[in-house]
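Data block below; observations after.
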Amino acid sequence: MLVAPAALGLMFLIIPLIGLMVRAPWTELPDQLGREIVRDALMRSLYTASMATLTSLLLGIPIAVVLAHGRFRGRGLVRALVTVPLVLPPVVGGVALFTALGRKGVIGEPLHDWTGWSLPFTTNAVIVAETFVAMPFLIIAVEGALRGADSRFTEAAATLGATRWYAFRRVTLPQIMPGVAAGAVLCWARALGEFGATVTFAGSLEGRTLVMPSAVYRELEAGRPGTAISLSLVLMSISVIVLASLREHWISPARTR
């Protein structure tokens with residue numbers, strides 16, 4: 001009885017992707033992807049997504065540890081606040097970044113008055129916006145891995161005289177590394193495809209803040225759907241590769257239980 005609705009749902013998800021591939025200007029694809037503006041947007045997207053993932057790793061893993069093992073009042077509220085960017089409209093996220101880090105923002109204004117430095121509409125603003133929307137994916141993955149890790153190994157290390165930091169680095173971290181890797185890949189993919197917060201907080205300036213999603217939108221507005229489809233194909237291909245790389249992480253635990 002579930003075959004029919006499952007097939008309908010599958011068609012709903014797959015047909016748009018098929019349409020993208022059918023309408024793609026395959027013969028013109030090399031020339032379109034070889035344009036300088038496209039190469040620049042692609043390289044900037046790869047760079048900013050990688051930097052956003054690195055930042056998320058440095059800040060997100062400690063948050064995940066606190067949420068998984070911390071015992072304090074308001075932990076549920078903290079977890080809710082951490083995951084808000086998952087459900088927050090990206091444009092609203094960009095506006096929120098402006099109110100905090102813009103030239104007239106809560107933090108941005110005194111920082112600009114003190115140093116003369118402004119964050120919005122720079123490459124660093126792209127990284128900040130992508131980190132804001134992508135870090136929750138990493139935190140959720142790492143927290144889940146921490147909760148599923150066997151605590152007996154850490155306890156055994158403690159009885160042998162290991163400090164908490166040493167036990168975390170040499171015992172806990174290797175156990176949760178698949179979860180960290182999966183979270184990092186999801187974080188990177190989410191950062192690569194971010195549009196709303198990025199274009200709101202950083203704009204889409206050529207040579208400075210133009211990334212692939214913004215380039216797709218600009219090509220559509222300029223009446224060049226062929227180039228927009230070509231860029232979309234690149235992003236879709238990267239997404240498929242990411243999901244394929246995570247397949248074993250999703251399936252293997254189910255086989256071992």
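Ordering of the structure tokens sets the chain letters (A, B, ...), residue numbers begin anew at 1 in every chain, and ligands are numbered from 1 in the order given.
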Determine, for each residue of segment 96-208 of chain A having at least one atom at most 10 Å from an atom of segment 68-81 of chain A, the closest pair of atoms and their separation in Å to one decimal, counting only C-alpha atoms; order by chain and ascending number, as CSV.
```
residue,atom,partner,partner_atom,distance
A:Pro136,CA,A:Arg79,CA,9.6
A:Ile139,CA,A:Arg79,CA,9.6
A:Ile140,CA,A:Arg79,CA,9.3
A:Val142,CA,A:Ala68,CA,8.9
A:Glu143,CA,A:Ala68,CA,5.5
A:Gly144,CA,A:Ala68,CA,7.8
A:Ala145,CA,A:Ala68,CA,9.2
A:Leu146,CA,A:Ala68,CA,6.4
A:Arg147,CA,A:Ala68,CA,6.1
A:Gly148,CA,A:Ala68,CA,9.9
```
Checklist entry - Can you list, as a VMD selection string, every residue of segment 18-201 of chain A that DSSP puts in helix (DSSP H, G or I)? => result chain A and resid 18 to 22 26 to 33 36 to 69 75 to 87 90 to 101 108 to 115 123 to 148 151 to 159 164 to 192 196 to 201
Item to check | 12 Å contact set for Val234 of chain A, only C-alpha atoms, chain neighbours under 3 positions out, as a ChimeraX atom specification | outcome: /A:20-21,24,29-30,32-33,38-39,41-42,45-46,192-193,212-213,215-216,227-231,237-241
Find the nearest atom pair between each residue of segment 172-257 of chain A and segment 102-123 of chain A for residues within 10 Å, count only C-alpha atoms, give distances in Å to one decimal, sort rows by chain and ascending number, and present the table as CSV.
```
residue,atom,partner,partner_atom,distance
A:Thr198,CA,A:Phe121,CA,9.2
A:Val199,CA,A:Phe121,CA,8.8
A:Thr200,CA,A:Phe121,CA,8.9
A:Phe201,CA,A:Pro120,CA,5.8
A:Ala202,CA,A:Phe121,CA,3.9
A:Gly203,CA,A:Phe121,CA,5.6
A:Ser204,CA,A:Phe121,CA,8.0
A:Leu205,CA,A:Phe121,CA,7.7
A:Gly207,CA,A:Thr123,CA,9.3
A:Arg208,CA,A:Thr123,CA,5.8
A:Thr209,CA,A:Thr123,CA,5.3
A:Leu210,CA,A:Thr123,CA,8.7
A:Val211,CA,A:Thr123,CA,9.7
```
Checklist entry - Taking into account only C-alpha atoms, which residue in the set A:Leu186, A:Met43, A:Leu59, A:Leu173 is nearest to Ala244 of chain A? => result A:Leu186
Checklist entry - What's the 9 Å shell around Pro90 of chain A, counting only C-alpha atoms, without same-chain residues fewer than 5 positions away, as a list in words? => result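 Returned residues: Pro85, Val95, Val133, Glu194, Phe195, Gly196, Ala197, Thr198 and Thr200 of chain A.
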Residues from last step as file, all heavy atoms, as a compact mmCIF listing (two decimals), in the first residue's frame:
```
# COMPACT_ATOMS: atom_id res chain seq x y z
N PRO A 85 19.39 28.68 13.62
CA PRO A 85 19.70 28.92 12.19
C PRO A 85 19.21 27.84 11.24
O PRO A 85 19.09 28.10 10.04
CB PRO A 85 21.24 29.01 12.19
CG PRO A 85 21.58 29.48 13.55
CD PRO A 85 20.60 28.81 14.46
N VAL A 95 19.94 39.59 8.09
CA VAL A 95 19.54 40.81 8.79
C VAL A 95 20.05 40.77 10.23
O VAL A 95 20.53 41.78 10.78
CB VAL A 95 18.01 40.99 8.76
CG1 VAL A 95 17.58 42.17 9.62
CG2 VAL A 95 17.53 41.17 7.32
N VAL A 133 24.94 29.80 9.27
CA VAL A 133 23.87 28.90 8.85
C VAL A 133 24.31 27.44 8.81
O VAL A 133 23.46 26.54 8.86
CB VAL A 133 23.32 29.31 7.46
CG1 VAL A 133 22.75 30.71 7.50
CG2 VAL A 133 24.39 29.20 6.39
N GLU A 194 24.77 28.18 0.48
CA GLU A 194 24.07 29.27 1.17
C GLU A 194 23.91 30.49 0.25
O GLU A 194 24.84 30.91 -0.43
CB GLU A 194 24.83 29.67 2.43
CG GLU A 194 24.35 30.94 3.10
CD GLU A 194 22.84 30.93 3.37
OE1 GLU A 194 22.27 29.84 3.62
OE2 GLU A 194 22.24 32.01 3.31
N PHE A 195 22.71 31.07 0.27
CA PHE A 195 22.43 32.24 -0.58
C PHE A 195 21.85 33.41 0.20
O PHE A 195 22.38 34.51 0.18
CB PHE A 195 21.47 31.83 -1.70
CG PHE A 195 20.97 32.99 -2.51
CD1 PHE A 195 21.82 33.67 -3.37
CD2 PHE A 195 19.65 33.43 -2.41
CE1 PHE A 195 21.37 34.75 -4.12
CE2 PHE A 195 19.19 34.50 -3.15
CZ PHE A 195 20.05 35.16 -4.01
N GLY A 196 20.76 33.16 0.94
CA GLY A 196 20.01 34.25 1.55
C GLY A 196 20.82 35.10 2.51
O GLY A 196 20.91 36.34 2.36
N ALA A 197 21.41 34.47 3.52
CA ALA A 197 22.19 35.22 4.51
C ALA A 197 23.42 35.85 3.87
O ALA A 197 23.82 36.97 4.21
CB ALA A 197 22.59 34.30 5.66
N THR A 198 24.02 35.13 2.91
CA THR A 198 25.24 35.64 2.27
C THR A 198 24.96 36.88 1.45
O THR A 198 25.66 37.89 1.56
CB THR A 198 25.85 34.54 1.38
OG1 THR A 198 26.18 33.41 2.17
CG2 THR A 198 27.11 35.06 0.70
N THR A 200 22.51 38.90 1.69
CA THR A 200 22.01 39.98 2.53
C THR A 200 23.13 40.66 3.31
O THR A 200 23.19 41.89 3.40
CB THR A 200 20.96 39.46 3.53
OG1 THR A 200 19.91 38.81 2.81
CG2 THR A 200 20.37 40.60 4.35
```
Checklist entry - Between A:Phe137, A:Phe12, A:Phe168, A:Trp26, which one has atoms that come closest to Thr83 of chain A, using only C-alpha atoms? => result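 Nearest candidate to Thr83 of chain A out of A:Phe137, A:Phe12, A:Phe168, A:Trp26: A:Phe137.
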Checklist outcome for this item: Atom pair atom CA of Ala182 of chain A + atom CA of Arg164 of chain A, distance 24.6 Å
Checklist entry - What gap, in Å, lies between atom CA of Leu220 of chain A and atom CA of Arg35 of chain A? => result 15.9 Å
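In this comparison, which uses only C-alpha atoms, the residue of A:Ala162, A:Ala7, A:Ala49, A:Val91 approaching Met135 of chain A most closely is A:Ala49.
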